[in-house]
$ cat entry.cif   # mmCIF, N, CA and C atoms
data_final
loop_
_atom_site.group_PDB
_atom_site.id
_atom_site.type_symbol
_atom_site.label_atom_id
_atom_site.label_comp_id
_atom_site.auth_asym_id
_atom_site.auth_seq_id
_atom_site.Cartn_x
_atom_site.Cartn_y
_atom_site.Cartn_z
ATOM 1 N N MET A 108 15.852 21.771 6.762
ATOM 2 C CA MET A 108 15.163 22.476 5.709
ATOM 3 C C MET A 108 13.660 22.261 5.917
ATOM 4 N N PRO A 109 12.886 23.334 6.058
ATOM 5 C CA PRO A 109 11.445 23.181 6.269
ATOM 6 C C PRO A 109 10.716 22.847 4.960
ATOM 7 N N THR A 110 9.668 22.029 5.055
ATOM 8 C CA THR A 110 8.844 21.692 3.896
ATOM 9 C C THR A 110 7.633 22.620 3.871
ATOM 10 N N TYR A 111 6.793 22.487 2.847
ATOM 11 C CA TYR A 111 5.608 23.334 2.743
ATOM 12 C C TYR A 111 4.602 23.070 3.859
ATOM 13 N N THR A 112 4.712 21.902 4.508
ATOM 14 C CA THR A 112 3.790 21.595 5.608
ATOM 15 C C THR A 112 4.331 22.061 6.953
ATOM 16 N N GLY A 113 5.558 22.582 6.958
ATOM 17 C CA GLY A 113 6.155 23.031 8.202
ATOM 18 C C GLY A 113 7.042 21.991 8.857
ATOM 19 N N LYS A 114 7.002 20.744 8.370
ATOM 20 C CA LYS A 114 7.866 19.694 8.923
ATOM 21 C C LYS A 114 9.304 19.948 8.480
ATOM 22 N N GLN A 115 10.226 19.396 9.224
ATOM 23 C CA GLN A 115 11.630 19.508 8.872
ATOM 24 C C GLN A 115 12.046 18.326 7.994
ATOM 25 N N MET A 116 12.773 18.626 6.924
ATOM 26 C CA MET A 116 13.295 17.578 6.043
ATOM 27 C C MET A 116 14.812 17.694 6.064
ATOM 28 N N HIS A 117 15.471 16.584 6.291
ATOM 29 C CA HIS A 117 16.921 16.582 6.313
ATOM 30 C C HIS A 117 17.442 16.340 4.906
ATOM 31 N N ALA A 118 18.241 17.261 4.400
ATOM 32 C CA ALA A 118 18.808 17.129 3.060
ATOM 33 C C ALA A 118 20.102 16.326 3.147
ATOM 34 N N PHE A 119 20.218 15.335 2.280
ATOM 35 C CA PHE A 119 21.416 14.503 2.242
ATOM 36 C C PHE A 119 21.747 14.235 0.784
ATOM 37 N N ILE A 120 22.937 14.568 0.387
ATOM 38 C CA ILE A 120 23.381 14.308 -0.977
ATOM 39 C C ILE A 120 24.411 13.193 -0.910
ATOM 40 N N PRO A 121 24.078 12.016 -1.464
ATOM 41 C CA PRO A 121 25.007 10.886 -1.362
ATOM 42 C C PRO A 121 26.248 11.100 -2.223
ATOM 43 N N PRO A 122 27.369 10.515 -1.807
ATOM 44 C CA PRO A 122 28.587 10.603 -2.610
ATOM 45 C C PRO A 122 28.386 9.940 -3.974
ATOM 46 N N VAL A 123 29.223 10.312 -4.935
ATOM 47 C CA VAL A 123 29.104 9.805 -6.300
ATOM 48 C C VAL A 123 29.188 8.283 -6.329
ATOM 49 N N LEU A 124 30.090 7.691 -5.573
ATOM 50 C CA LEU A 124 30.234 6.226 -5.574
ATOM 51 C C LEU A 124 28.944 5.560 -5.095
ATOM 52 N N ASP A 125 28.325 6.099 -4.058
ATOM 53 C CA ASP A 125 27.055 5.550 -3.572
ATOM 54 C C ASP A 125 25.981 5.629 -4.656
ATOM 55 N N ARG A 126 25.953 6.750 -5.372
ATOM 56 C CA ARG A 126 24.967 6.910 -6.431
ATOM 57 C C ARG A 126 25.208 5.918 -7.563
ATOM 58 N N LEU A 127 26.466 5.673 -7.904
ATOM 59 C CA LEU A 127 26.788 4.701 -8.960
ATOM 60 C C LEU A 127 26.386 3.281 -8.557
ATOM 61 N N VAL A 128 26.682 2.915 -7.324
ATOM 62 C CA VAL A 128 26.317 1.582 -6.833
ATOM 63 C C VAL A 128 24.802 1.434 -6.798
ATOM 64 N N HIS A 129 24.113 2.455 -6.310
ATOM 65 C CA HIS A 129 22.651 2.419 -6.261
ATOM 66 C C HIS A 129 22.071 2.239 -7.661
ATOM 67 N N ARG A 130 22.570 2.986 -8.640
ATOM 68 C CA ARG A 130 22.060 2.892 -10.010
ATOM 69 C C ARG A 130 22.332 1.508 -10.594
ATOM 70 N N ALA A 131 23.518 0.953 -10.343
ATOM 71 C CA ALA A 131 23.842 -0.380 -10.859
ATOM 72 C C ALA A 131 22.914 -1.437 -10.261
ATOM 73 N N LEU A 132 22.687 -1.365 -8.954
ATOM 74 C CA LEU A 132 21.769 -2.313 -8.305
ATOM 75 C C LEU A 132 20.348 -2.151 -8.833
ATOM 76 N N ARG A 133 19.920 -0.915 -8.965
ATOM 77 C CA ARG A 133 18.567 -0.662 -9.468
ATOM 78 C C ARG A 133 18.407 -1.194 -10.888
ATOM 79 N N ASN A 134 19.397 -0.953 -11.745
ATOM 80 C CA ASN A 134 19.331 -1.444 -13.124
ATOM 81 C C ASN A 134 19.290 -2.968 -13.182
ATOM 82 N N ALA A 135 19.925 -3.626 -12.232
ATOM 83 C CA ALA A 135 19.931 -5.088 -12.214
ATOM 84 C C ALA A 135 18.642 -5.670 -11.628
ATOM 85 N N ILE A 136 18.133 -5.059 -10.566
ATOM 86 C CA ILE A 136 17.001 -5.631 -9.827
ATOM 87 C C ILE A 136 15.641 -5.198 -10.383
ATOM 88 N N GLU A 137 15.542 -3.972 -10.872
ATOM 89 C CA GLU A 137 14.242 -3.453 -11.312
ATOM 90 C C GLU A 137 13.548 -4.319 -12.365
ATOM 91 N N PRO A 138 14.246 -4.789 -13.416
ATOM 92 C CA PRO A 138 13.555 -5.637 -14.398
ATOM 93 C C PRO A 138 13.011 -6.932 -13.794
ATOM 94 N N VAL A 139 13.732 -7.481 -12.829
ATOM 95 C CA VAL A 139 13.270 -8.711 -12.175
ATOM 96 C C VAL A 139 12.014 -8.445 -11.375
ATOM 97 N N LEU A 140 12.015 -7.359 -10.615
ATOM 98 C CA LEU A 140 10.834 -7.015 -9.820
ATOM 99 C C LEU A 140 9.652 -6.682 -10.710
ATOM 100 N N GLU A 141 9.896 -5.958 -11.802
ATOM 101 C CA GLU A 141 8.819 -5.630 -12.745
ATOM 102 C C GLU A 141 8.195 -6.899 -13.322
ATOM 103 N N ALA A 142 9.029 -7.892 -13.591
ATOM 104 C CA ALA A 142 8.550 -9.117 -14.239
ATOM 105 C C ALA A 142 7.798 -10.038 -13.290
ATOM 106 N N CYS A 143 8.215 -10.102 -12.012
ATOM 107 C CA CYS A 143 7.604 -11.143 -11.178
ATOM 108 C C CYS A 143 7.145 -10.711 -9.789
ATOM 109 N N ALA A 144 7.381 -9.492 -9.376
ATOM 110 C CA ALA A 144 6.984 -9.118 -8.016
ATOM 111 C C ALA A 144 5.829 -8.133 -7.976
ATOM 112 N N PHE A 145 5.746 -7.229 -8.935
ATOM 113 C CA PHE A 145 4.731 -6.183 -8.895
ATOM 114 C C PHE A 145 3.514 -6.572 -9.717
ATOM 115 N N GLN A 146 2.347 -6.254 -9.196
ATOM 116 C CA GLN A 146 1.119 -6.444 -9.955
ATOM 117 C C GLN A 146 1.078 -5.416 -11.084
ATOM 118 N N ASP A 147 0.509 -5.780 -12.211
ATOM 119 C CA ASP A 147 0.496 -4.897 -13.366
ATOM 120 C C ASP A 147 -0.280 -3.605 -13.114
ATOM 121 N N TRP A 148 -1.267 -3.648 -12.236
ATOM 122 C CA TRP A 148 -2.106 -2.474 -12.018
ATOM 123 C C TRP A 148 -1.515 -1.464 -11.045
ATOM 124 N N VAL A 149 -0.388 -1.777 -10.421
ATOM 125 C CA VAL A 149 0.239 -0.850 -9.482
ATOM 126 C C VAL A 149 1.107 0.138 -10.259
ATOM 127 N N SER A 150 0.897 1.436 -10.035
ATOM 128 C CA SER A 150 1.609 2.455 -10.807
ATOM 129 C C SER A 150 2.650 3.243 -10.021
ATOM 130 N N GLY A 151 2.570 3.270 -8.726
ATOM 131 C CA GLY A 151 3.421 4.142 -7.931
ATOM 132 C C GLY A 151 4.903 3.886 -8.063
ATOM 133 N N PHE A 152 5.658 4.926 -8.384
ATOM 134 C CA PHE A 152 7.111 4.912 -8.450
ATOM 135 C C PHE A 152 7.657 3.799 -9.331
ATOM 136 N N ARG A 153 7.046 3.611 -10.488
ATOM 137 C CA ARG A 153 7.507 2.598 -11.426
ATOM 138 C C ARG A 153 7.846 3.248 -12.753
ATOM 139 N N PRO A 154 8.794 2.663 -13.482
ATOM 140 C CA PRO A 154 9.178 3.272 -14.759
ATOM 141 C C PRO A 154 8.010 3.312 -15.745
ATOM 142 N N ARG A 155 7.940 4.386 -16.489
ATOM 143 C CA ARG A 155 6.928 4.582 -17.534
ATOM 144 C C ARG A 155 5.499 4.545 -16.983
ATOM 145 N N ARG A 156 5.326 4.857 -15.715
ATOM 146 C CA ARG A 156 3.987 4.912 -15.121
ATOM 147 C C ARG A 156 3.853 6.204 -14.339
ATOM 148 N N ASN A 157 2.665 6.760 -14.351
ATOM 149 C CA ASN A 157 2.433 8.023 -13.657
ATOM 150 C C ASN A 157 0.956 8.133 -13.308
ATOM 151 N N ARG A 158 0.506 9.326 -12.946
ATOM 152 C CA ARG A 158 -0.898 9.494 -12.549
ATOM 153 C C ARG A 158 -1.848 9.243 -13.708
ATOM 154 N N ILE A 159 -1.396 9.488 -14.951
ATOM 155 C CA ILE A 159 -2.256 9.253 -16.110
ATOM 156 C C ILE A 159 -2.489 7.748 -16.291
ATOM 157 N N THR A 160 -1.419 6.952 -16.210
ATOM 158 C CA THR A 160 -1.599 5.498 -16.336
ATOM 159 C C THR A 160 -2.427 4.958 -15.175
ATOM 160 N N SER A 161 -2.293 5.579 -14.022
ATOM 161 C CA SER A 161 -3.087 5.178 -12.861
ATOM 162 C C SER A 161 -4.571 5.435 -13.100
ATOM 163 N N LEU A 162 -4.889 6.599 -13.651
ATOM 164 C CA LEU A 162 -6.296 6.920 -13.952
ATOM 165 C C LEU A 162 -6.858 6.012 -15.044
ATOM 166 N N ARG A 163 -6.054 5.681 -16.024
ATOM 167 C CA ARG A 163 -6.515 4.750 -17.065
ATOM 168 C C ARG A 163 -6.834 3.387 -16.465
ATOM 169 N N GLN A 164 -5.971 2.921 -15.565
ATOM 170 C CA GLN A 164 -6.209 1.624 -14.917
ATOM 171 C C GLN A 164 -7.457 1.691 -14.048
ATOM 172 N N ALA A 165 -7.671 2.806 -13.367
ATOM 173 C CA ALA A 165 -8.877 2.976 -12.552
ATOM 174 C C ALA A 165 -10.125 2.924 -13.434
ATOM 175 N N ALA A 166 -10.066 3.526 -14.612
ATOM 176 C CA ALA A 166 -11.204 3.495 -15.535
ATOM 177 C C ALA A 166 -11.499 2.067 -15.986
ATOM 178 N N ILE A 167 -10.452 1.288 -16.237
ATOM 179 C CA ILE A 167 -10.641 -0.116 -16.631
ATOM 180 C C ILE A 167 -11.313 -0.888 -15.500
ATOM 181 N N HIS A 168 -10.866 -0.680 -14.256
ATOM 182 C CA HIS A 168 -11.488 -1.357 -13.111
ATOM 183 C C HIS A 168 -12.941 -0.915 -12.949
ATOM 184 N N HIS A 169 -13.205 0.370 -13.144
ATOM 185 C CA HIS A 169 -14.572 0.880 -13.024
ATOM 186 C C HIS A 169 -15.480 0.234 -14.068
ATOM 187 N N GLN A 170 -14.993 0.118 -15.300
ATOM 188 C CA GLN A 170 -15.778 -0.526 -16.362
ATOM 189 C C GLN A 170 -16.017 -2.005 -16.064
ATOM 190 N N ALA A 171 -15.114 -2.617 -15.291
ATOM 191 C CA ALA A 171 -15.265 -4.021 -14.922
ATOM 192 C C ALA A 171 -16.231 -4.202 -13.753
ATOM 193 N N GLY A 172 -16.726 -3.087 -13.197
ATOM 194 C CA GLY A 172 -17.723 -3.195 -12.136
ATOM 195 C C GLY A 172 -17.214 -2.896 -10.740
ATOM 196 N N PHE A 173 -15.923 -2.624 -10.592
ATOM 197 C CA PHE A 173 -15.385 -2.287 -9.271
ATOM 198 C C PHE A 173 -15.765 -0.848 -8.926
ATOM 199 N N ARG A 174 -16.126 -0.593 -7.658
ATOM 200 C CA ARG A 174 -16.584 0.734 -7.275
ATOM 201 C C ARG A 174 -15.804 1.351 -6.113
ATOM 202 N N TRP A 175 -14.890 0.623 -5.522
ATOM 203 C CA TRP A 175 -14.126 1.143 -4.387
ATOM 204 C C TRP A 175 -12.700 1.429 -4.821
ATOM 205 N N VAL A 176 -12.129 2.479 -4.237
ATOM 206 C CA VAL A 176 -10.745 2.854 -4.514
ATOM 207 C C VAL A 176 -10.010 2.985 -3.185
ATOM 208 N N ALA A 177 -8.814 2.437 -3.120
ATOM 209 C CA ALA A 177 -7.957 2.610 -1.940
ATOM 210 C C ALA A 177 -6.684 3.298 -2.395
ATOM 211 N N ASP A 178 -6.460 4.496 -1.882
ATOM 212 C CA ASP A 178 -5.256 5.254 -2.198
ATOM 213 C C ASP A 178 -4.379 5.215 -0.954
ATOM 214 N N LEU A 179 -3.272 4.487 -1.031
ATOM 215 C CA LEU A 179 -2.433 4.264 0.140
ATOM 216 C C LEU A 179 -1.095 4.961 0.005
ATOM 217 N N ASP A 180 -0.636 5.527 1.085
ATOM 218 C CA ASP A 180 0.690 6.117 1.135
ATOM 219 C C ASP A 180 1.568 5.181 1.948
ATOM 220 N N VAL A 181 2.498 4.551 1.285
ATOM 221 C CA VAL A 181 3.330 3.547 1.957
ATOM 222 C C VAL A 181 4.752 4.065 2.186
ATOM 223 N N ALA A 182 4.876 5.373 2.373
ATOM 224 C CA ALA A 182 6.196 5.990 2.538
ATOM 225 C C ALA A 182 6.963 5.398 3.723
ATOM 226 N N SER A 183 6.286 5.003 4.770
ATOM 227 C CA SER A 183 6.961 4.506 5.964
ATOM 228 C C SER A 183 6.845 2.994 6.122
ATOM 229 N N VAL A 184 6.501 2.302 5.049
ATOM 230 C CA VAL A 184 6.228 0.874 5.167
ATOM 231 C C VAL A 184 7.455 0.076 5.613
ATOM 232 N N SER A 185 8.639 0.483 5.221
ATOM 233 C CA SER A 185 9.825 -0.285 5.609
ATOM 234 C C SER A 185 10.576 0.360 6.767
ATOM 235 N N GLU A 186 9.992 1.369 7.365
ATOM 236 C CA GLU A 186 10.637 2.039 8.491
ATOM 237 C C GLU A 186 10.846 1.058 9.623
ATOM 238 N N GLY A 187 12.050 0.995 10.131
ATOM 239 C CA GLY A 187 12.360 0.100 11.235
ATOM 240 C C GLY A 187 12.792 -1.287 10.808
ATOM 241 N N ALA A 188 12.729 -1.592 9.510
ATOM 242 C CA ALA A 188 13.163 -2.912 9.037
ATOM 243 C C ALA A 188 14.684 -2.986 9.061
ATOM 244 N N THR A 189 15.186 -4.145 9.419
ATOM 245 C CA THR A 189 16.637 -4.342 9.404
ATOM 246 C C THR A 189 17.089 -4.735 8.000
ATOM 247 N N VAL A 190 18.380 -4.628 7.756
ATOM 248 C CA VAL A 190 18.931 -5.015 6.460
ATOM 249 C C VAL A 190 18.635 -6.490 6.193
ATOM 250 N N GLU A 191 18.740 -7.313 7.216
ATOM 251 C CA GLU A 191 18.475 -8.746 7.057
ATOM 252 C C GLU A 191 17.033 -9.009 6.633
ATOM 253 N N GLU A 192 16.085 -8.297 7.231
ATOM 254 C CA GLU A 192 14.675 -8.466 6.871
ATOM 255 C C GLU A 192 14.424 -8.069 5.423
ATOM 256 N N VAL A 193 15.049 -6.987 4.993
ATOM 257 C CA VAL A 193 14.897 -6.547 3.607
ATOM 258 C C VAL A 193 15.514 -7.567 2.656
ATOM 259 N N MET A 194 16.675 -8.112 3.012
ATOM 260 C CA MET A 194 17.333 -9.111 2.159
ATOM 261 C C MET A 194 16.501 -10.389 2.054
ATOM 262 N N VAL A 195 15.916 -10.833 3.148
ATOM 263 C CA VAL A 195 15.062 -12.026 3.110
ATOM 264 C C VAL A 195 13.854 -11.784 2.213
ATOM 265 N N ALA A 196 13.234 -10.613 2.335
ATOM 266 C CA ALA A 196 12.088 -10.290 1.485
ATOM 267 C C ALA A 196 12.509 -10.216 0.022
ATOM 268 N N SER A 197 13.670 -9.648 -0.259
ATOM 269 C CA SER A 197 14.158 -9.548 -1.637
ATOM 270 C C SER A 197 14.495 -10.920 -2.206
ATOM 271 N N ASN A 198 15.028 -11.794 -1.377
ATOM 272 C CA ASN A 198 15.405 -13.128 -1.846
ATOM 273 C C ASN A 198 14.221 -13.961 -2.289
ATOM 274 N N SER A 199 13.016 -13.584 -1.866
ATOM 275 C CA SER A 199 11.849 -14.346 -2.286
ATOM 276 C C SER A 199 11.541 -14.122 -3.767
ATOM 277 N N VAL A 200 12.098 -13.048 -4.365
ATOM 278 C CA VAL A 200 11.851 -12.769 -5.786
ATOM 279 C C VAL A 200 13.130 -12.683 -6.611
ATOM 280 N N VAL A 201 14.203 -12.227 -6.023
ATOM 281 C CA VAL A 201 15.461 -12.052 -6.742
ATOM 282 C C VAL A 201 16.414 -13.170 -6.345
ATOM 283 N N TYR A 202 16.817 -13.971 -7.306
ATOM 284 C CA TYR A 202 17.686 -15.106 -7.032
ATOM 285 C C TYR A 202 19.063 -14.842 -7.604
ATOM 286 N N GLY A 203 20.104 -15.129 -6.825
ATOM 287 C CA GLY A 203 21.471 -14.977 -7.289
ATOM 288 C C GLY A 203 22.049 -16.317 -7.687
ATOM 289 N N PRO A 204 23.315 -16.327 -8.091
ATOM 290 C CA PRO A 204 23.938 -17.580 -8.520
ATOM 291 C C PRO A 204 24.070 -18.600 -7.389
ATOM 292 N N ASP A 205 24.042 -18.135 -6.127
ATOM 293 C CA ASP A 205 24.173 -19.045 -4.988
ATOM 294 C C ASP A 205 22.834 -19.554 -4.484
ATOM 295 N N ALA A 206 21.743 -19.111 -5.085
ATOM 296 C CA ALA A 206 20.411 -19.476 -4.591
ATOM 297 C C ALA A 206 20.025 -20.879 -4.987
#
$ encode --input "entry.cif" --output "structure tokens"
Amino acid sequence: MPTYTGKQMHAFIPPVLDRLVHRALRNAIEPVLEACAFQDWVSGFRPRRNRITSLRQAAIHHQAGFRWVADLDVASVSEGATVEEVMVASNSVVYGPDA
């Protein structure tokens, strides 16, 4: 499927069971990450945050005297990471009963 930029995007619709498991994991892990892994000023792809909250935070930083802005696209940041690497990184913030 072509995108507006002309690149090809592969469409994949996950099975219902995969979607249920993903939602259950997200519901369990997201509050933990929100509480202890993410900085409060980061807005990207977080619940109840959008471009408006991002602009408000930028205004607060500007009033505090900051003058530089870095807008980063981290879409490919985990590209090439193995499952083990992701699990080790997750274990630094999310602890299970065996931890």
$ select_by_dssp --input "entry.cif" --residues "chain A" --states "helix (DSSP H, G or I)" --output "NGL selection string"
:A and (123-143 or 158-170 or 190-198)
$ residues_around --input "entry.cif" --residues "A:Leu140" --least-positions-apart "6" --cutoff "8 Å" --atoms "all atoms listed in the file" --output "list in words"
Gln146, Val200 and Val201 of chain A
$ closest_residue --input "entry.cif" --among "A:Trp148, A:Ala182, A:Ala177, A:Pro138" --to "A:Gln164" --atoms "all atoms listed in the file"
A:Trp148
$ residues_around --input "entry.cif" --residues "A:Tyr202" --least-positions-apart "4" --cutoff "12 Å" --atoms "only C-alpha atoms" --output "PyMOL selection string"
chain A and resi 135-136+139-140+143+194-198+206
$ write_last_selection --input "entry.cif" --atoms "N, CA and C atoms" --output "PDB file, in the frame of the given file"
ATOM      1  N   ALA A 135      19.925  -3.626 -12.232  1.00  0.00           N
ATOM      2  CA  ALA A 135      19.931  -5.088 -12.214  1.00  0.00           C
ATOM      3  C   ALA A 135      18.642  -5.670 -11.628  1.00  0.00           C
ATOM      4  N   ILE A 136      18.133  -5.059 -10.566  1.00  0.00           N
ATOM      5  CA  ILE A 136      17.001  -5.631  -9.827  1.00  0.00           C
ATOM      6  C   ILE A 136      15.641  -5.198 -10.383  1.00  0.00           C
ATOM      7  N   VAL A 139      13.732  -7.481 -12.829  1.00  0.00           N
ATOM      8  CA  VAL A 139      13.270  -8.711 -12.175  1.00  0.00           C
ATOM      9  C   VAL A 139      12.014  -8.445 -11.375  1.00  0.00           C
ATOM     10  N   LEU A 140      12.015  -7.359 -10.615  1.00  0.00           N
ATOM     11  CA  LEU A 140      10.834  -7.015  -9.820  1.00  0.00           C
ATOM     12  C   LEU A 140       9.652  -6.682 -10.710  1.00  0.00           C
ATOM     13  N   CYS A 143       8.215 -10.102 -12.012  1.00  0.00           N
ATOM     14  CA  CYS A 143       7.604 -11.143 -11.178  1.00  0.00           C
ATOM     15  C   CYS A 143       7.145 -10.711  -9.789  1.00  0.00           C
ATOM     16  N   MET A 194      16.675  -8.112   3.012  1.00  0.00           N
ATOM     17  CA  MET A 194      17.333  -9.111   2.159  1.00  0.00           C
ATOM     18  C   MET A 194      16.501 -10.389   2.054  1.00  0.00           C
ATOM     19  N   VAL A 195      15.916 -10.833   3.148  1.00  0.00           N
ATOM     20  CA  VAL A 195      15.062 -12.026   3.110  1.00  0.00           C
ATOM     21  C   VAL A 195      13.854 -11.784   2.213  1.00  0.00           C
ATOM     22  N   ALA A 196      13.234 -10.613   2.335  1.00  0.00           N
ATOM     23  CA  ALA A 196      12.088 -10.290   1.485  1.00  0.00           C
ATOM     24  C   ALA A 196      12.509 -10.216   0.022  1.00  0.00           C
ATOM     25  N   SER A 197      13.670  -9.648  -0.259  1.00  0.00           N
ATOM     26  CA  SER A 197      14.158  -9.548  -1.637  1.00  0.00           C
ATOM     27  C   SER A 197      14.495 -10.920  -2.206  1.00  0.00           C
ATOM     28  N   ASN A 198      15.028 -11.794  -1.377  1.00  0.00           N
ATOM     29  CA  ASN A 198      15.405 -13.128  -1.846  1.00  0.00           C
ATOM     30  C   ASN A 198      14.221 -13.961  -2.289  1.00  0.00           C
ATOM     31  N   ALA A 206      21.743 -19.111  -5.085  1.00  0.00           N
ATOM     32  CA  ALA A 206      20.411 -19.476  -4.591  1.00  0.00           C
ATOM     33  C   ALA A 206      20.025 -20.879  -4.987  1.00  0.00           C
TER      34      ALA A 206
END
$ atom_distance --input "entry.cif" --atom1 "atom N of A:Ile120" --atom2 "atom N of A:Met108"
11.9 Å
$ axis_aligned_box --input "entry.cif" --around "stretch 117-130 of chain A" --padding-each-side "3 Å" --output "JSON"
{"center_x": 22.9, "center_y": 9.3, "center_z": -2.1, "size_x": 20.8, "size_y": 21.8, "size_z": 22.9}
$ atom_distance --input "entry.cif" --atom1 "atom CA of A:Ala131" --atom2 "atom CA of A:Thr189"
21.9 Å
$ atom_distance --input "entry.cif" --atom1 "atom CA of A:Ser185" --atom2 "atom CA of A:Thr160"
25.4 Å
